[in-house]
Amino acid sequence: MRHIISILLENESGALSRVSGLFSARGYNIESLTVAPTEDPSLSRMTVVSVGSDDIIEQITKQLNKLIDVVKVVDLSEAAHLERELMLVKVRATGKDREEMKRVADIFRGRIIDVTESTYVIELTGNTGKLDAFLGAIDTSLILETVRTGVCGIGRGDRILKV
Amino acid sequence: MQLTGAEIVIRCLQEEKVEHVFGYPGGSVLFIYDELFKQDQIKHVLVRHEQAAVHAADAYSRSSQKIGVCLVTSGPGVTNAVTGIATAYMDSVPMVVLTSQVPTAYIGQDAFQEADTVGITRPCVKHNFLVKDVRDLAATIKKAFFLAKTGRPGPVLVDIPKDITNQKCEFVYPKTIAMRSYNPIVKGHSGQIKKAVQLLLDAKRPMIYTGGGVILSDAADKLTKLVRMLGFPITQTLMGLGGYPGTDRQHLGMLGMHGTYEANMAMQHCDVLLAIGARFDDRVIGSPGHFSEVPRKIVHVDIDPSSISKRVKVDVPIVGNVPDVLDEIVKQLEAAEAKPDAKSLAAWWKDIEEWRGRNCLRYKQGDLIMPQYVVEKLYEVTGGDAFVASDVGQHQMWAAQYYKFDKPRRWINSGGLGTMGFGLPAAMGARFANPKATVACITGEGSVQMNIQELSTCKQFRLPIKIICLNNGYLGMVRQWQEMFHGNRYSESYVDALPDFVKLAEAYGHVGMRIDKPADVEGAFKEAFVKHKNELVFMDFRTNPTANVFPMIAAGRGLSEMILAEDL
Ligand SMILES: Cc1ncc(C[n+]2csc(CCOP(=O)(O)OP(=O)(O)O)c2C)c(N)n1
């Protein structure tokens with residue numbers, strides 16, 4: 001099962017490598033990992049997407065909690081939550097493809113944020129499935145470059161992860 | 001008062017009442033050594049290799065309630081120390097490791113003797129710090145001691161760049177420390193404890209299984225009280241020995257790969273298992289699949305939630321400090337109206353006595369000295385009251401099987417990492433922590449050579465350690481596996497060109513003895529422990545080269561699938 005684990009951790013140098021080191025040392029899988037400081041600059045918030053059985057995910061959260069720099073850990077996928085990922089795609093946009101590319105971007109509510117005579121950079125946010133679907137909907141041979149941030153997530157409603 | 005970083009380090013150690021620091025100097029640590037020189041409250045023990053400094057500090061912690069501290073220089077000093085740090089980490093031993101680093105401005109430039117200490121040691125410490133500002137130094141050292149000894153203990157490392165040790169700032173040692181990200185649970189959940197007590201009272205075939213957590217948390221007395229109160233059988237892991245008296249009838253001996261028949265059988269066939277400060281590791285329960293073929297309810301008490309339900313699913317997890325939880329269990333048992341089911345218990349004990357009747361540790365003493373016999377004689381001569389440090393191999397298992405530890409912190413061995421070379425420096429650490437105690441080191445001719453240079457440290461500090469070398473001429477444990485699982489192909493397990501250990505001991509200024517005959521064993525011990533009481537004696541016992549450790553469970557097999565000596 002795919003899980004989205006949210007982690008509040010001390011914004012110390014090395015804290016990130018403690019988390020990533022834990023995953024590699026114990027053979028846990030990481031699909032994506034994002035991290036940035038929160039409104040409190042002494043804290044960072046990290047989102048890790050991992051795939052594993054319930055037992056493994058339980059071990060992951062316990063092992064994360066054991067790290068001294070980790071303040072709180074929540075498995076967002078246990079209840080209602082939102083997840084978003086940002087993607088920038090640079091595509092070839094010439095001839096009839098230029099029009100078509102704009103049309104597909106519009107359907108996916110993407111924005112074209114850079115234009116040259118032959119290329120577009122399209123910005124797209126959404127959950128992982130939506131971004132994958134967009135890449136599936138355009139002609140792969142036109143893709144010059146893609147960059148994705150990885151998932152960040154937040155609980156719905158009253159679910160709040162704070163110190 | 002304005003102090004330099006180096007002065008601050010020393011002041012912090014003094015504040016922590018540190019009496020001994022095990023270490024080895026070098027370029028980047030010189031300011032700290034300079035301050036050590038100027039004071040006499042902290043005694044520095046100069047070892048001959050940094051690995052030994054760490055093992056000694058580790059055993060200092062294991063054999064007492066004090067905290068071992070070691071100090072090494074950057075680069076090779078640190079890399080030499082890594083094996084020691086990993087050893088302590090695997091056995092959850094509290095320890096503070098101070099390392100020096102190249103000056104801040106040189107970090108990242110491949111400076112002379114630079115190593116990424118924080119990076120290299122990250123996976124084998126409870127936590128580590130790089131001090132980047134002298135004003136953080138005192139609080140960081142305070143945190144290091146706090147983290148090392150609270151919660152699930154472990155080694156904590158503080159890396160201090162050379163320039164920081166020479167900069168000045170105001171010194172204040174914080175009285176307390178609070179960390180929002182670190183709040184270990186102490187008290188067990190009383191609802192969970194209630195469930196546990198009910199299970200214990202309802203049990204027909206109860207079993208208690210304890211590990212190193214009992215020793216580390218100083219819970220031996222409370223454990224003994226509980227076990228006696230319940231009248232249940234108990235088994236202890238390699239790391240737990242001494243938590244409950246080894247000579248008591250309720251104790252079934254050690255369990256696991258080389259555990260006793262009765263302990264492993266009772267563990268496999270019990271219907272309620274109370275696990276305390278133990279972690280169901282592969283050397284203890286063998287295959288988890290085989291273990292769970294027999295249905296049983298498991299109560300697991302541990303300070304570390306991640307140890308619970310890691311290898312074996314448990315029914316009643318209790319996260320907490322072992323002595324606190326034991327207190328609560330005893331209290332609830334005393335208040336309970338029900339008592340353990342005496343009739344079922346009697347029937348269970350009857351089964352156990354039958355298993356015990358197999359006498360699985362029996363061996364025959366022939367013309368060649370049997371290693372088991374040496375350990376038994378050592379036990380007699382020392383009245384069962386010595387601190388016994390061990391290396392890793394067959395001798396370690398024989399020591400664990402035949403030396404019946406009645407008290408905690410007497411048995412000092414590398415269980416988790418299984419580090420050859422641990423024994424001699426560990427014996428040194430134990431002796432520094434217990435300056436009047438009898439300290440023995442049970443070792444093999446392979447292991448002892450991995451830190452043999454420490455004979456020099458022993459001379460310098462006049463440590464009257466008795467080294468009992470069970471010399472079988474083989475890397476015995478490797479040879480045993482090759483005999484049993486690799487068709488007798490003894491690939492590189494024969495130790496050729498051994499030194500003359502008697503002369504070697506004498507060259508270092510110690511007493512050396514060589515013992516070849518079974519009839520001489522007892523006399524040799526008397527000579528070593530009485531006549532040479534105040535000297536280090538290296539006892540080179542030439543033992544039966546093909547003796548094997550039994551019972552044995554092959555790796556990956558189940559607890560009841562033991563191979564016994566009598567089967568062969
Ligand atoms: C540092 C290290 N290297 C290798 C091993 C693997 N190993 C485990 S036991 C053993 C043999 C130990 O031989 P010895 O010290 O003579 O003891 P014996 O088994 O003969 O009693 C070896 C090589 C180890 N545990 N530690």
# chains A, B, ... in the order shown; residues from 1 in each chain; ligands from 1
call {"tool": "residues_around", "arguments": {"residues": "Ile113 in chain A", "least_positions_apart": "6", "cutoff": "10 Å", "atoms": "only C-alpha atoms", "output": "list in words"}}
result
Leu88, Lys90, Tyr120, Val121, Ile122 and Glu123 of chain A
call {"tool": "select_by_dssp", "arguments": {"residues": "chain A", "states": "alpha helix (DSSP H)", "output": "MDAnalysis selection string"}}
result
chainID A and resid 15:25 54:66 95:107 128:137
call {"tool": "residues_around", "arguments": {"residues": "Ile154 in chain A", "least_positions_apart": "2", "cutoff": "10 Å", "atoms": "only C-alpha atoms", "output": "number ranges by chain"}}
result
A: 4-6, 47, 74, 76-77, 80-84, 152, 156-157, 159-161
call {"tool": "write_last_selection", "arguments": {"atoms": "C-alpha atoms", "output": "CSV table (one decimal), in the first residue's frame"}}
result
chain,number,residue,atom,x,y,z
A,4,ILE,CA,2.1,9.4,2.7
A,5,ILE,CA,4.1,10.1,5.8
A,6,SER,CA,4.4,13.6,7.2
A,47,THR,CA,6.6,14.4,3.2
A,74,VAL,CA,1.8,11.2,11.0
A,76,LEU,CA,-1.6,11.1,6.4
A,77,SER,CA,-3.1,8.3,4.4
A,80,ALA,CA,-8.9,12.2,4.8
A,81,HIS,CA,-6.1,14.2,3.4
A,82,LEU,CA,-5.0,16.3,0.4
A,83,GLU,CA,-1.9,15.7,-1.7
A,84,ARG,CA,-0.4,17.9,-4.3
A,152,CYS,CA,3.4,17.2,-0.3
A,156,ARG,CA,-8.3,17.6,5.8
A,157,GLY,CA,-10.3,19.6,8.3
A,159,ARG,CA,-6.3,17.0,11.3
A,160,ILE,CA,-3.4,19.3,12.2
A,161,LEU,CA,0.2,18.4,12.5
call {"tool": "interface_residues", "arguments": {"of": "chain B", "to": "chain A", "cutoff": "10 Å", "atoms": "only C-alpha atoms", "output": "PyMOL selection string"}}
result
chain B and resi 118-119+122-123+126-130+147+151-152+179-184+304-311+313
call {"tool": "select_by_dssp", "arguments": {"residues": "range 28-224 of chain B", "states": "strand (DSSP E or B)", "output": "PDB file with N, CA and C atoms, in the first residue's frame"}}
result
ATOM      1  N   LYS B  43      40.865  11.126  35.137  1.00  0.00           N
ATOM      2  CA  LYS B  43      42.032  10.334  34.801  1.00  0.00           C
ATOM      3  C   LYS B  43      41.909   9.882  33.350  1.00  0.00           C
ATOM      4  N   HIS B  44      42.952  10.126  32.576  1.00  0.00           N
ATOM      5  CA  HIS B  44      42.927   9.681  31.184  1.00  0.00           C
ATOM      6  C   HIS B  44      43.606   8.316  31.070  1.00  0.00           C
ATOM      7  N   VAL B  45      42.976   7.405  30.367  1.00  0.00           N
ATOM      8  CA  VAL B  45      43.559   6.083  30.145  1.00  0.00           C
ATOM      9  C   VAL B  45      44.013   6.023  28.693  1.00  0.00           C
ATOM     10  N   LEU B  46      45.314   5.971  28.522  1.00  0.00           N
ATOM     11  CA  LEU B  46      45.866   5.917  27.173  1.00  0.00           C
ATOM     12  C   LEU B  46      45.870   4.475  26.687  1.00  0.00           C
ATOM     13  N   GLY B  68      30.612   5.559  30.341  1.00  0.00           N
ATOM     14  CA  GLY B  68      31.934   5.536  29.719  1.00  0.00           C
ATOM     15  C   GLY B  68      32.102   6.699  28.763  1.00  0.00           C
ATOM     16  N   VAL B  69      33.295   7.269  28.778  1.00  0.00           N
ATOM     17  CA  VAL B  69      33.584   8.404  27.897  1.00  0.00           C
ATOM     18  C   VAL B  69      34.881   8.107  27.153  1.00  0.00           C
ATOM     19  N   CYS B  70      34.914   8.385  25.867  1.00  0.00           N
ATOM     20  CA  CYS B  70      36.175   8.254  25.158  1.00  0.00           C
ATOM     21  C   CYS B  70      36.434   9.475  24.292  1.00  0.00           C
ATOM     22  N   LEU B  71      37.686   9.640  23.950  1.00  0.00           N
ATOM     23  CA  LEU B  71      38.157  10.856  23.288  1.00  0.00           C
ATOM     24  C   LEU B  71      39.166  10.450  22.221  1.00  0.00           C
ATOM     25  N   VAL B  72      38.870  10.784  20.977  1.00  0.00           N
ATOM     26  CA  VAL B  72      39.798  10.412  19.910  1.00  0.00           C
ATOM     27  C   VAL B  72      39.977  11.573  18.943  1.00  0.00           C
ATOM     28  N   MET B  95      27.024   5.793  26.250  1.00  0.00           N
ATOM     29  CA  MET B  95      28.436   6.144  26.139  1.00  0.00           C
ATOM     30  C   MET B  95      28.512   7.502  25.472  1.00  0.00           C
ATOM     31  N   VAL B  96      29.513   8.284  25.839  1.00  0.00           N
ATOM     32  CA  VAL B  96      29.723   9.565  25.161  1.00  0.00           C
ATOM     33  C   VAL B  96      31.071   9.508  24.455  1.00  0.00           C
ATOM     34  N   VAL B  97      31.048   9.749  23.162  1.00  0.00           N
ATOM     35  CA  VAL B  97      32.260   9.714  22.350  1.00  0.00           C
ATOM     36  C   VAL B  97      32.576  11.139  21.926  1.00  0.00           C
ATOM     37  N   LEU B  98      33.727  11.624  22.350  1.00  0.00           N
ATOM     38  CA  LEU B  98      34.154  12.963  21.937  1.00  0.00           C
ATOM     39  C   LEU B  98      35.201  12.800  20.848  1.00  0.00           C
ATOM     40  N   THR B  99      34.982  13.458  19.734  1.00  0.00           N
ATOM     41  CA  THR B  99      35.953  13.372  18.649  1.00  0.00           C
ATOM     42  C   THR B  99      36.340  14.798  18.274  1.00  0.00           C
ATOM     43  N   SER B 100      37.571  14.948  17.845  1.00  0.00           N
ATOM     44  CA  SER B 100      37.950  16.270  17.371  1.00  0.00           C
ATOM     45  C   SER B 100      37.864  16.265  15.854  1.00  0.00           C
ATOM     46  N   GLN B 101      37.777  17.451  15.307  1.00  0.00           N
ATOM     47  CA  GLN B 101      37.588  17.599  13.859  1.00  0.00           C
ATOM     48  C   GLN B 101      38.580  18.650  13.370  1.00  0.00           C
ATOM     49  N   HIS B 127      22.697   9.345  18.541  1.00  0.00           N
ATOM     50  CA  HIS B 127      22.641  10.672  17.931  1.00  0.00           C
ATOM     51  C   HIS B 127      24.060  11.210  17.855  1.00  0.00           C
ATOM     52  N   ASN B 128      24.292  12.148  16.969  1.00  0.00           N
ATOM     53  CA  ASN B 128      25.597  12.795  16.953  1.00  0.00           C
ATOM     54  C   ASN B 128      25.458  14.279  16.632  1.00  0.00           C
ATOM     55  N   PHE B 129      26.497  15.007  16.998  1.00  0.00           N
ATOM     56  CA  PHE B 129      26.484  16.469  16.837  1.00  0.00           C
ATOM     57  C   PHE B 129      27.813  16.923  16.249  1.00  0.00           C
ATOM     58  N   LEU B 130      27.752  17.950  15.431  1.00  0.00           N
ATOM     59  CA  LEU B 130      28.961  18.678  15.054  1.00  0.00           C
ATOM     60  C   LEU B 130      28.815  20.063  15.677  1.00  0.00           C
ATOM     61  N   PRO B 155      25.224   5.047  22.333  1.00  0.00           N
ATOM     62  CA  PRO B 155      26.352   5.970  22.228  1.00  0.00           C
ATOM     63  C   PRO B 155      25.941   7.280  21.546  1.00  0.00           C
ATOM     64  N   VAL B 156      26.448   8.375  22.061  1.00  0.00           N
ATOM     65  CA  VAL B 156      26.208   9.691  21.461  1.00  0.00           C
ATOM     66  C   VAL B 156      27.577  10.324  21.200  1.00  0.00           C
ATOM     67  N   LEU B 157      27.727  10.886  20.034  1.00  0.00           N
ATOM     68  CA  LEU B 157      29.030  11.416  19.623  1.00  0.00           C
ATOM     69  C   LEU B 157      28.973  12.931  19.465  1.00  0.00           C
ATOM     70  N   VAL B 158      30.018  13.595  19.942  1.00  0.00           N
ATOM     71  CA  VAL B 158      30.128  15.043  19.761  1.00  0.00           C
ATOM     72  C   VAL B 158      31.428  15.327  19.023  1.00  0.00           C
ATOM     73  N   ASP B 159      31.312  15.901  17.839  1.00  0.00           N
ATOM     74  CA  ASP B 159      32.470  16.193  16.993  1.00  0.00           C
ATOM     75  C   ASP B 159      32.822  17.673  17.171  1.00  0.00           C
ATOM     76  N   ILE B 160      34.061  17.947  17.560  1.00  0.00           N
ATOM     77  CA  ILE B 160      34.436  19.323  17.913  1.00  0.00           C
ATOM     78  C   ILE B 160      35.634  19.779  17.069  1.00  0.00           C
ATOM     79  N   PRO B 161      35.410  20.723  16.155  1.00  0.00           N
ATOM     80  CA  PRO B 161      36.522  21.234  15.346  1.00  0.00           C
ATOM     81  C   PRO B 161      37.596  21.897  16.208  1.00  0.00           C
ATOM     82  N   LYS B 168      37.039  31.295  22.847  1.00  0.00           N
ATOM     83  CA  LYS B 168      36.548  31.511  24.214  1.00  0.00           C
ATOM     84  C   LYS B 168      35.085  31.913  24.239  1.00  0.00           C
ATOM     85  N   CYS B 169      34.428  31.534  25.296  1.00  0.00           N
ATOM     86  CA  CYS B 169      33.100  32.093  25.565  1.00  0.00           C
ATOM     87  C   CYS B 169      32.790  31.901  27.042  1.00  0.00           C
ATOM     88  N   GLU B 170      31.698  32.467  27.455  1.00  0.00           N
ATOM     89  CA  GLU B 170      31.259  32.346  28.842  1.00  0.00           C
ATOM     90  C   GLU B 170      30.834  30.897  29.092  1.00  0.00           C
ATOM     91  N   PRO B 206       2.997 -20.707  31.356  1.00  0.00           N
ATOM     92  CA  PRO B 206       3.612 -19.372  31.241  1.00  0.00           C
ATOM     93  C   PRO B 206       5.130 -19.443  31.119  1.00  0.00           C
ATOM     94  N   MET B 207       5.675 -18.402  30.538  1.00  0.00           N
ATOM     95  CA  MET B 207       7.128 -18.339  30.376  1.00  0.00           C
ATOM     96  C   MET B 207       7.544 -16.881  30.430  1.00  0.00           C
ATOM     97  N   ILE B 208       8.686 -16.633  31.064  1.00  0.00           N
ATOM     98  CA  ILE B 208       9.229 -15.273  31.104  1.00  0.00           C
ATOM     99  C   ILE B 208      10.548 -15.278  30.339  1.00  0.00           C
ATOM    100  N   TYR B 209      10.707 -14.298  29.506  1.00  0.00           N
ATOM    101  CA  TYR B 209      11.886 -14.222  28.625  1.00  0.00           C
ATOM    102  C   TYR B 209      12.434 -12.801  28.722  1.00  0.00           C
ATOM    103  N   THR B 210      13.668 -12.678  29.177  1.00  0.00           N
ATOM    104  CA  THR B 210      14.205 -11.337  29.440  1.00  0.00           C
ATOM    105  C   THR B 210      15.521 -11.116  28.713  1.00  0.00           C
TER     106      THR B 210
END
call {"tool": "residues_near_ligand", "arguments": {"ligand": "ligand 1", "cutoff": "6 Å", "atoms": "only C-alpha atoms and all ligand atoms", "output": "VMD selection string"}}
result
chain B and resid 392 to 395 418 to 420 444 to 447 472 474 to 478
call {"tool": "closest_residue", "arguments": {"among": "B:Pro371, B:Pro94, B:Pro551, B:Gly188", "to": "Asn359 in chain B", "atoms": "only C-alpha atoms"}}
result
B:Pro551
call {"tool": "residues_around", "arguments": {"residues": "Val319 in chain B", "least_positions_apart": "6", "cutoff": "8 Å", "atoms": "only C-alpha atoms", "output": "list of chain:residue names"}}
result
B:Ile185, B:Val186, B:Lys187, B:Gly188, B:His189, B:Val301, B:Asp302, B:Ile303, B:Asp304, B:Pro305
call {"tool": "write_last_selection", "arguments": {"atoms": "N, CA and C atoms", "output": "JSON list (two decimals), in the first residue's frame"}}
result
[["chain", "number", "residue", "atom", "x", "y", "z"],
["B", 185, "ILE", "N", 9.10, 7.61, 26.86],
["B", 185, "ILE", "CA", 8.03, 7.20, 27.77],
["B", 185, "ILE", "C", 8.65, 6.40, 28.91],
["B", 186, "VAL", "N", 8.24, 6.68, 30.13],
["B", 186, "VAL", "CA", 8.78, 5.97, 31.28],
["B", 186, "VAL", "C", 7.75, 4.99, 31.83],
["B", 187, "LYS", "N", 6.61, 5.54, 32.21],
["B", 187, "LYS", "CA", 5.57, 4.71, 32.82],
["B", 187, "LYS", "C", 4.81, 3.92, 31.76],
["B", 188, "GLY", "N", 4.57, 2.65, 32.06],
["B", 188, "GLY", "CA", 3.78, 1.85, 31.13],
["B", 188, "GLY", "C", 2.31, 2.21, 31.24],
["B", 189, "HIS", "N", 1.57, 1.95, 30.20],
["B", 189, "HIS", "CA", 0.13, 2.23, 30.17],
["B", 189, "HIS", "C", -0.57, 1.28, 31.13],
["B", 301, "VAL", "N", 7.30, -5.97, 27.08],
["B", 301, "VAL", "CA", 7.65, -4.73, 27.77],
["B", 301, "VAL", "C", 8.98, -4.23, 27.21],
["B", 302, "ASP", "N", 8.99, -3.01, 26.70],
["B", 302, "ASP", "CA", 10.25, -2.46, 26.20],
["B", 302, "ASP", "C", 10.16, -0.94, 26.17],
["B", 303, "ILE", "N", 11.30, -0.29, 26.36],
["B", 303, "ILE", "CA", 11.29, 1.17, 26.33],
["B", 303, "ILE", "C", 11.24, 1.69, 24.89],
["B", 304, "ASP", "N", 11.58, 0.83, 23.94],
["B", 304, "ASP", "CA", 11.65, 1.27, 22.55],
["B", 304, "ASP", "C", 10.47, 0.70, 21.76],
["B", 305, "PRO", "N", 9.52, 1.56, 21.39],
["B", 305, "PRO", "CA", 8.34, 1.06, 20.65],
["B", 305, "PRO", "C", 8.73, 0.31, 19.37]]
call {"tool": "closest_residue", "arguments": {"among": "B:Cys360, B:Ala219, B:Val316, B:Ala81", "to": "His49 in chain B", "atoms": "only C-alpha atoms"}}
result
B:Ala81
call {"tool": "atom_distance", "arguments": {"atom1": "CA of Ser61 in chain B", "atom2": "CA of Leu216 in chain B"}}
result
9.2 Å
call {"tool": "residues_around", "arguments": {"residues": "range 223-233 of chain B", "least_positions_apart": "2", "cutoff": "8 Å", "atoms": "only C-alpha atoms", "output": "PyMOL selection string"}}
result
chain B and resi 206-208+214+219-221+235+243-245+250-252+323+326+330+340+345+349
call {"tool": "atom_distance", "arguments": {"atom1": "CA of Gly366 in chain B", "atom2": "CA of Ile515 in chain B"}}
result
14.9 Å
call {"tool": "closest_residue", "arguments": {"among": "A:Arg26, A:Asp75, A:Arg2, A:Leu33", "to": "Val51 in chain A", "atoms": "only C-alpha atoms"}}
result
A:Arg2
call {"tool": "residues_around", "arguments": {"residues": "Ser190 in chain B", "least_positions_apart": "6", "cutoff": "10 Å", "atoms": "only C-alpha atoms", "output": "ChimeraX atom specification"}}
result
/B:196,318,325,328-329,332
call {"tool": "residues_around", "arguments": {"residues": "range 128-137 of chain A", "least_positions_apart": "4", "cutoff": "12 Å", "atoms": "only C-alpha atoms", "output": "number ranges by chain"}}
result
A: 2, 4, 31-32, 49, 82-91, 100-101, 103-110, 122-124, 141-153
call {"tool": "write_last_selection", "arguments": {"atoms": "C-alpha atoms", "output": "CSV table (one decimal), in the first residue's frame"}}
result
chain,number,residue,atom,x,y,z
A,2,ARG,CA,1.1,3.5,-0.7
A,4,ILE,CA,2.1,9.4,2.7
A,31,GLU,CA,8.8,7.0,-3.8
A,32,SER,CA,9.3,10.7,-3.2
A,49,VAL,CA,5.7,8.7,0.0
A,82,LEU,CA,-5.0,16.3,0.4
A,83,GLU,CA,-1.9,15.7,-1.7
A,84,ARG,CA,-0.4,17.9,-4.3
A,85,GLU,CA,2.6,17.7,-6.5
A,86,LEU,CA,4.0,20.4,-8.8
A,87,MET,CA,5.4,19.4,-12.3
A,88,LEU,CA,7.2,21.5,-14.9
A,89,VAL,CA,7.3,20.0,-18.4
A,90,LYS,CA,9.2,21.4,-21.2
A,91,VAL,CA,7.7,20.3,-24.5
A,100,GLU,CA,-2.7,20.7,-29.4
A,101,MET,CA,-0.3,21.1,-26.5
A,103,ARG,CA,-5.4,22.5,-25.6
A,104,VAL,CA,-4.3,19.5,-23.5
A,105,ALA,CA,-2.6,21.8,-20.9
A,106,ASP,CA,-5.9,23.7,-20.6
A,107,ILE,CA,-7.9,20.5,-20.1
A,108,PHE,CA,-5.5,19.6,-17.2
A,109,ARG,CA,-5.6,23.2,-15.9
A,110,GLY,CA,-2.0,23.6,-16.6
A,122,ILE,CA,3.9,23.9,-18.8
A,123,GLU,CA,3.3,24.1,-15.0
A,124,LEU,CA,0.9,21.6,-13.5
A,141,SER,CA,8.2,12.2,-28.2
A,142,LEU,CA,7.5,15.9,-27.7
A,143,ILE,CA,8.6,15.9,-24.0
A,144,LEU,CA,12.0,17.6,-23.7
A,145,GLU,CA,12.3,17.6,-19.9
A,146,THR,CA,10.2,17.0,-16.9
A,147,VAL,CA,10.8,17.9,-13.3
A,148,ARG,CA,8.5,17.0,-10.4
A,149,THR,CA,8.6,18.1,-6.8
A,150,GLY,CA,7.3,15.0,-5.3
A,151,VAL,CA,4.2,14.9,-3.2
A,152,CYS,CA,3.4,17.2,-0.3
A,153,GLY,CA,0.4,16.5,1.8
call {"tool": "decode", "arguments": {"residues": "range 81-86 of chain A", "atoms": "all heavy atoms", "output": "CSV table (one decimal), in the first residue's frame"}}
result
chain,number,residue,atom,x,y,z
A,81,HIS,N,-7.2,13.3,3.5
A,81,HIS,CA,-6.1,14.2,3.4
A,81,HIS,C,-6.0,14.7,1.9
A,81,HIS,O,-6.8,14.3,1.1
A,81,HIS,CB,-4.8,13.5,3.7
A,81,HIS,CG,-4.5,12.4,2.7
A,81,HIS,ND1,-5.1,11.1,2.8
A,81,HIS,CD2,-3.7,12.3,1.6
A,81,HIS,CE1,-4.7,10.4,1.8
A,81,HIS,NE2,-3.9,11.1,1.0
A,82,LEU,N,-5.2,15.7,1.7
A,82,LEU,CA,-5.0,16.3,0.4
A,82,LEU,C,-3.5,16.0,0.0
A,82,LEU,O,-2.7,16.1,0.9
A,82,LEU,CB,-5.2,17.8,0.4
A,82,LEU,CG,-6.7,18.2,0.7
A,82,LEU,CD1,-6.7,19.7,1.1
A,82,LEU,CD2,-7.6,18.0,-0.5
A,83,GLU,N,-3.3,15.8,-1.3
A,83,GLU,CA,-1.9,15.7,-1.7
A,83,GLU,C,-1.7,16.4,-3.0
A,83,GLU,O,-2.6,16.4,-3.8
A,83,GLU,CB,-1.5,14.2,-1.8
A,83,GLU,CG,-2.3,13.4,-2.8
A,83,GLU,CD,-1.7,12.0,-3.0
A,83,GLU,OE1,-0.7,11.9,-3.7
A,83,GLU,OE2,-2.2,11.1,-2.4
A,84,ARG,N,-0.6,17.1,-3.1
A,84,ARG,CA,-0.4,17.9,-4.3
A,84,ARG,C,1.1,17.7,-4.7
A,84,ARG,O,2.0,17.5,-3.9
A,84,ARG,CB,-0.6,19.4,-4.1
A,84,ARG,CG,-2.1,19.7,-4.0
A,84,ARG,CD,-2.8,19.6,-5.3
A,84,ARG,NE,-4.2,20.0,-5.2
A,84,ARG,CZ,-5.2,19.2,-4.9
A,84,ARG,NH1,-4.9,17.9,-4.6
A,84,ARG,NH2,-6.4,19.6,-4.8
A,85,GLU,N,1.3,17.8,-6.0
A,85,GLU,CA,2.6,17.7,-6.5
A,85,GLU,C,2.7,18.8,-7.6
A,85,GLU,O,1.7,19.0,-8.4
A,85,GLU,CB,2.9,16.3,-7.1
A,85,GLU,CG,4.3,16.1,-7.4
A,85,GLU,CD,4.6,14.6,-7.9
A,85,GLU,OE1,3.7,13.8,-7.8
A,85,GLU,OE2,5.7,14.4,-8.4
A,86,LEU,N,3.8,19.4,-7.8
A,86,LEU,CA,4.0,20.4,-8.8
A,86,LEU,C,5.0,19.7,-9.9
A,86,LEU,O,5.9,19.1,-9.6
A,86,LEU,CB,4.7,21.6,-8.3
A,86,LEU,CG,5.2,22.7,-9.3
A,86,LEU,CD1,4.0,23.4,-9.9
A,86,LEU,CD2,6.1,23.7,-8.6
